[in-house]
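Written out below as structure tokens is the structure these notes cover.
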Amino acid sequence: INGGGKVLQFGVADAVILMDGADYMTFDNLVVRNTLNNANVKGFRIQNGSDYLTIKNCIIEFSTLTSTSTTSSAYIAYSTSSTSSTTTSSTAHGSYNLIEKNLMRTTNVNSPGPAFGIAIQGSNSTYSSTAQDNTINGNTIQNFYSTAIRLYNTNGVQVLNNDISRSNATSYNSSSTLYGIRSDYSYATSRATKLEGNNLHDWPFSGATTASAPSTVYAFYTYFNYGNASYKFSLS
């Protein structure tokens, strides 16, 4: 699907585009806008084995968002739940997908941003042995409330060359704990997990001081990330 720069707009307490078991689809040059002010808004939600998807050169945005949480809203979420992007599941939501060169932003003044930029929740039964090999490359995330990119129960996911900021915010209105890229429980069946070449800046907003900042900030937070002799976990 080549959007030709056109706008797909909807106000929904879930995703504007829900991929439910959909395979081999490409979204290119599309503006995906969720116009609802709700803590569960999303741009895309991917679930039930949606594989070989490509989302590239798109703008994914929230135009009225002031309500948020630390668990649900996201520009892109891999989750079976419309109300949580962190719900565990035995289902692999999507593998071999590419998220590349997208702009993710809020457009209303001083929005706190969605809970997550991108949240990938892997299968809690197969993640240690089954490749997912999703790639997040060259995206620009301009606002988030809690975590820019969250990986949980993943295998072979690579997060490369993304620009991560809260440049759409003009004050400290984020969570008191901010994460840039968080990876918990990753494995490497057919390729390494890589967090490389990412640029993280302007948190919690451009020009912030220590007096106007969260109490805890993690550029990278990694917990139980496993590699092997052939595919070593890499952060640089």
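Residue names in the structure tokens use chain letters A, B, ... in the order shown, residue numbers from 1 in each chain, and ligand numbers from 1 in the order shown.
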
Which residues are near Ala74 (chain A)? Cut-off 9 Å, only C-alpha atoms, ignore same chain within fewer than 4 positions. Put them as a list in words.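 Returned residues: Ala15, Asn40, Val41, Lys42, Gly43, Phe44, Arg45, Ser85, Gly113, Pro114, Ala115, Phe116, Gly117, Ile118, Ala119 and Phe144 of chain A.
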
Compile the contact shell of Tyr231 (chain A) as JSON, numbers by chain: residues with an atom at most 10 Å away, counting only C-alpha atoms, same-chain residues fewer than 2 positions apart removed. {"A": [156, 187, 188, 189, 190, 191, 192, 193, 194, 226, 227, 228, 229, 233, 234]}

Export, as a CSV table (one decimal), in the first residue's frame, the selected residues with all heavy atoms.
```csv
chain,number,residue,atom,x,y,z
A,156,GLY,N,16.4,-12.0,18.3
A,156,GLY,CA,17.0,-11.5,17.1
A,156,GLY,C,16.5,-10.2,16.7
A,156,GLY,O,16.6,-9.8,15.5
A,187,TYR,N,16.9,-13.3,23.1
A,187,TYR,CA,17.7,-14.4,22.7
A,187,TYR,C,18.2,-14.2,21.2
A,187,TYR,O,17.8,-13.2,20.6
A,187,TYR,CB,16.9,-15.7,22.8
A,187,TYR,CG,16.9,-16.2,24.2
A,187,TYR,CD1,16.0,-15.6,25.2
A,187,TYR,CD2,17.7,-17.2,24.7
A,187,TYR,CE1,16.0,-16.1,26.5
A,187,TYR,CE2,17.6,-17.7,26.0
A,187,TYR,CZ,16.8,-17.1,26.9
A,187,TYR,OH,16.7,-17.6,28.2
A,188,ALA,N,19.0,-15.1,20.7
A,188,ALA,CA,19.6,-15.0,19.4
A,188,ALA,C,19.6,-16.4,18.7
A,188,ALA,O,20.7,-17.0,18.8
A,188,ALA,CB,20.9,-14.4,19.5
A,189,THR,N,18.6,-16.8,18.1
A,189,THR,CA,18.5,-18.1,17.4
A,189,THR,C,19.2,-18.1,16.1
A,189,THR,O,20.1,-18.9,15.8
A,189,THR,CB,17.1,-18.6,17.3
A,189,THR,OG1,16.5,-18.8,18.6
A,189,THR,CG2,17.0,-19.9,16.5
A,190,SER,N,18.9,-17.1,15.2
A,190,SER,CA,19.5,-17.1,13.9
A,190,SER,C,20.2,-15.8,13.6
A,190,SER,O,20.8,-15.6,12.5
A,190,SER,CB,18.4,-17.3,12.8
A,190,SER,OG,17.4,-16.3,12.9
A,191,ARG,N,20.1,-14.8,14.5
A,191,ARG,CA,20.9,-13.6,14.3
A,191,ARG,C,21.0,-12.9,15.7
A,191,ARG,O,20.2,-13.1,16.6
A,191,ARG,CB,20.4,-12.6,13.3
A,191,ARG,CG,19.1,-11.9,13.6
A,191,ARG,CD,18.7,-10.9,12.6
A,191,ARG,NE,17.7,-10.0,13.0
A,191,ARG,CZ,17.2,-9.0,12.3
A,191,ARG,NH1,17.6,-8.8,11.0
A,191,ARG,NH2,16.2,-8.2,12.8
A,192,ALA,N,22.0,-12.0,15.8
A,192,ALA,CA,22.2,-11.3,17.1
A,192,ALA,C,21.1,-10.3,17.4
A,192,ALA,O,20.6,-9.6,16.5
A,192,ALA,CB,23.6,-10.7,17.1
A,193,THR,N,20.9,-10.0,18.6
A,193,THR,CA,20.1,-8.8,19.1
A,193,THR,C,21.1,-7.7,19.1
A,193,THR,O,22.2,-7.8,19.7
A,193,THR,CB,19.6,-9.0,20.5
A,193,THR,OG1,18.6,-10.1,20.5
A,193,THR,CG2,18.9,-7.8,21.0
A,194,LYS,N,20.8,-6.6,18.4
A,194,LYS,CA,21.7,-5.4,18.3
A,194,LYS,C,20.9,-4.2,18.6
A,194,LYS,O,19.8,-3.9,18.1
A,194,LYS,CB,22.2,-5.3,16.9
A,194,LYS,CG,23.2,-6.5,16.5
A,194,LYS,CD,23.8,-6.2,15.1
A,194,LYS,CE,24.7,-7.3,14.7
A,194,LYS,NZ,25.4,-7.0,13.4
A,226,TYR,N,20.6,-12.5,26.1
A,226,TYR,CA,21.5,-13.7,25.8
A,226,TYR,C,21.9,-13.7,24.4
A,226,TYR,O,21.1,-13.5,23.5
A,226,TYR,CB,20.7,-15.0,26.1
A,226,TYR,CG,20.3,-15.1,27.6
A,226,TYR,CD1,19.1,-14.8,28.0
A,226,TYR,CD2,21.3,-15.6,28.5
A,226,TYR,CE1,18.7,-14.9,29.3
A,226,TYR,CE2,20.9,-15.8,29.8
A,226,TYR,CZ,19.6,-15.4,30.2
A,226,TYR,OH,19.2,-15.6,31.6
A,227,GLY,N,23.2,-13.9,24.2
A,227,GLY,CA,23.7,-14.2,22.9
A,227,GLY,C,24.3,-15.6,22.9
A,227,GLY,O,24.0,-16.4,23.8
A,228,ASN,N,25.2,-15.9,21.9
A,228,ASN,CA,25.9,-17.2,21.9
A,228,ASN,C,27.2,-17.0,21.1
A,228,ASN,O,27.5,-15.9,20.7
A,228,ASN,CB,25.0,-18.3,21.3
A,228,ASN,CG,24.4,-17.9,19.9
A,228,ASN,OD1,25.2,-17.5,19.0
A,228,ASN,ND2,23.1,-18.0,19.7
A,229,ALA,N,27.9,-18.1,20.9
A,229,ALA,CA,29.2,-17.9,20.2
A,229,ALA,C,29.1,-17.3,18.9
A,229,ALA,O,30.0,-16.6,18.4
A,229,ALA,CB,29.9,-19.3,20.2
A,233,PHE,N,25.1,-10.6,21.7
A,233,PHE,CA,24.3,-9.4,22.0
A,233,PHE,C,25.2,-8.2,21.9
A,233,PHE,O,26.4,-8.2,22.4
A,233,PHE,CB,23.8,-9.5,23.4
A,233,PHE,CG,23.0,-8.2,23.9
A,233,PHE,CD1,21.7,-8.0,23.5
A,233,PHE,CD2,23.6,-7.2,24.6
A,233,PHE,CE1,21.0,-6.9,23.8
A,233,PHE,CE2,23.0,-6.1,25.0
A,233,PHE,CZ,21.7,-5.9,24.6
A,234,SER,N,24.7,-7.1,21.2
A,234,SER,CA,25.6,-6.0,20.9
A,234,SER,C,24.9,-4.7,21.2
A,234,SER,O,23.7,-4.5,20.8
A,234,SER,CB,25.9,-6.0,19.4
A,234,SER,OG,26.6,-4.9,19.0
```

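Going from CA of Gly4 (chain A) over to CA of Arg105 (chain A), you cover 19.1 Å.
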
Closest pair table for region 1-107 of chain A residues within 10 Å of region 168-186 of chain A, only C-alpha atoms, as a tab-separated table:
```
residue	atom	partner	partner_atom	distance
A:Thr66	CA	A:Asn173	CA	10.0
A:Thr68	CA	A:Ser174	CA	9.5
A:Ser69	CA	A:Ser175	CA	8.6
A:Thr70	CA	A:Ser175	CA	7.5
A:Arg105	CA	A:Asn168	CA	7.1
A:Thr106	CA	A:Asn168	CA	6.5
A:Thr107	CA	A:Asn168	CA	7.4
```

Mind dumping the selected residues with C-alpha atoms as a PDB file, in the first residue's frame?
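Final file, selection29.pdb:
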```
ATOM      1  CA  THR A  66      -3.001  14.637  26.678  1.00  0.00           C
ATOM      2  CA  THR A  68      -1.456   8.778  28.882  1.00  0.00           C
ATOM      3  CA  SER A  69      -0.189   5.921  31.026  1.00  0.00           C
ATOM      4  CA  THR A  70       2.974   3.835  31.296  1.00  0.00           C
ATOM      5  CA  ARG A 105       5.242  12.374  16.739  1.00  0.00           C
ATOM      6  CA  THR A 106       2.569  14.291  18.622  1.00  0.00           C
ATOM      7  CA  THR A 107       1.212  17.454  17.036  1.00  0.00           C
TER       8      THR A 107
END
```

Identify which of the residues A:Ala13, A:Ala148, A:Ile99, A:Leu160 lies closest to Tyr218 (chain A), counting only C-alpha atoms when measuring atom-to-atom distances.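 Nearest to Tyr218 (chain A): A:Ala148.
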
For Met25 (chain A), work out the shell of residues within 8 Å, counting only C-alpha atoms and skipping chain neighbours fewer than 4 positions away, then give it as an MDAnalysis selection string. chainID A and resid 1 52:54

Computed gap from CA of Ile120 (chain A) to CA of Ser50 (chain A) is 12.4 Å

Selection: 6 Å around Val157 (chain A), only C-alpha atoms, excl. self and same-chain fewer than 6 positions, as JSON, numbers by chain: {"A": [133, 134, 135, 193]}

At what distance in Å, to one decimal, does CA of Gln142 (chain A) lie from CA of Ile55 (chain A)?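 So the answer is 17.4 Å.
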
Smallest atom-to-atom distance to Gly94 (chain A): which of A:Leu36, A:Val159, A:Ala131, A:Val16, using only C-alpha atoms? A:Ala131

Between A:Asn139, A:Thr210, A:Ser236, A:Asn108, which one has atoms that come closest to Leu195 (chain A), using only C-alpha atoms?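 Nearest to Leu195 (chain A): A:Ser236.
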
Choose the residue, out of A:Thr147, A:Asn199, A:Thr216, A:Thr35, that has the smallest atom-to-atom separation from Asp163 (chain A); count only C-alpha atoms. A:Asn199

Could you name the residues that touch Asn161 (chain A) at 8 Å or less, counting only C-alpha atoms, but leaving out those on the same chain fewer than 3 positions away, as a compact mmCIF listing (two decimals) with N, CA and C atoms, in the first residue's frame?
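The resulting file, result-v1.txt, is reproduced below:
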```
# COMPACT_ATOMS: atom_id res chain seq x y z
N ASN A 137 14.68 0.32 12.20
CA ASN A 137 15.85 1.00 11.62
C ASN A 137 15.52 2.40 11.10
N GLY A 138 16.32 3.37 11.52
CA GLY A 138 16.28 4.69 10.92
C GLY A 138 15.02 5.48 11.16
N ASN A 139 14.32 5.21 12.26
CA ASN A 139 13.10 5.95 12.58
C ASN A 139 13.41 7.18 13.43
N GLU A 196 22.24 -0.59 18.11
CA GLU A 196 23.44 0.08 17.59
C GLU A 196 23.08 1.36 16.82
N GLY A 197 23.92 2.36 16.98
CA GLY A 197 23.85 3.56 16.16
C GLY A 197 22.69 4.47 16.45
N ASN A 198 22.07 4.34 17.62
CA ASN A 198 20.90 5.16 17.96
C ASN A 198 21.33 6.48 18.61
N ASN A 199 20.60 7.54 18.30
CA ASN A 199 20.89 8.88 18.83
C ASN A 199 19.77 9.28 19.78
```

Taking into account only C-alpha atoms, which residue in the set A:Ser63, A:Ser79, A:Ser146, A:Ser72 is nearest to Arg33 (chain A)?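 The closest residue to Arg33 (chain A) is A:Ser63.
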
Could you give me, as a ChimeraX atom specification, the residues within 8 Å of Gln47 (chain A), counting only C-alpha atoms and dropping anything in the same chain fewer than 3 positions from it? /A:18-21,50,78-80,92-94

Deliver the residues from the most recent selection as a file, using C-alpha atoms, as a CSV table (one decimal), in the first residue's frame.
```
chain,number,residue,atom,x,y,z
A,18,LEU,CA,-4.8,-3.4,13.3
A,19,MET,CA,-2.8,-6.2,11.7
A,20,ASP,CA,-4.3,-9.5,12.9
A,21,GLY,CA,-2.5,-12.5,11.4
A,50,SER,CA,1.6,-11.0,11.5
A,78,TYR,CA,3.0,-5.8,19.2
A,79,SER,CA,0.2,-6.9,21.5
A,80,THR,CA,-3.1,-8.8,21.7
A,92,ALA,CA,4.1,-14.7,18.6
A,93,HIS,CA,2.6,-11.4,17.4
A,94,GLY,CA,4.9,-10.9,14.5
```

Which residues are near Asn57 (chain A)? Cut-off 8 Å, only C-alpha atoms, ignore same chain within fewer than 6 positions. Put them as a PyMOL selection string. chain A and resi 28-30+100-103

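If you measure from each of A:Asn155, A:Asn48, A:Thr86, A:Asn2 to Thr26 (chain A) using only C-alpha atoms, the closest one turns out to be A:Asn2.
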
Running DSSP on the backbone, which parts of region 97-218 of chain A land in strand (DSSP E or B), as a PyMOL selection string? chain A and resi 98-100+103-106+116-121+123+135-137+140-141+147-155+158-160+163-164+177-187+194-196+199-200+216-218
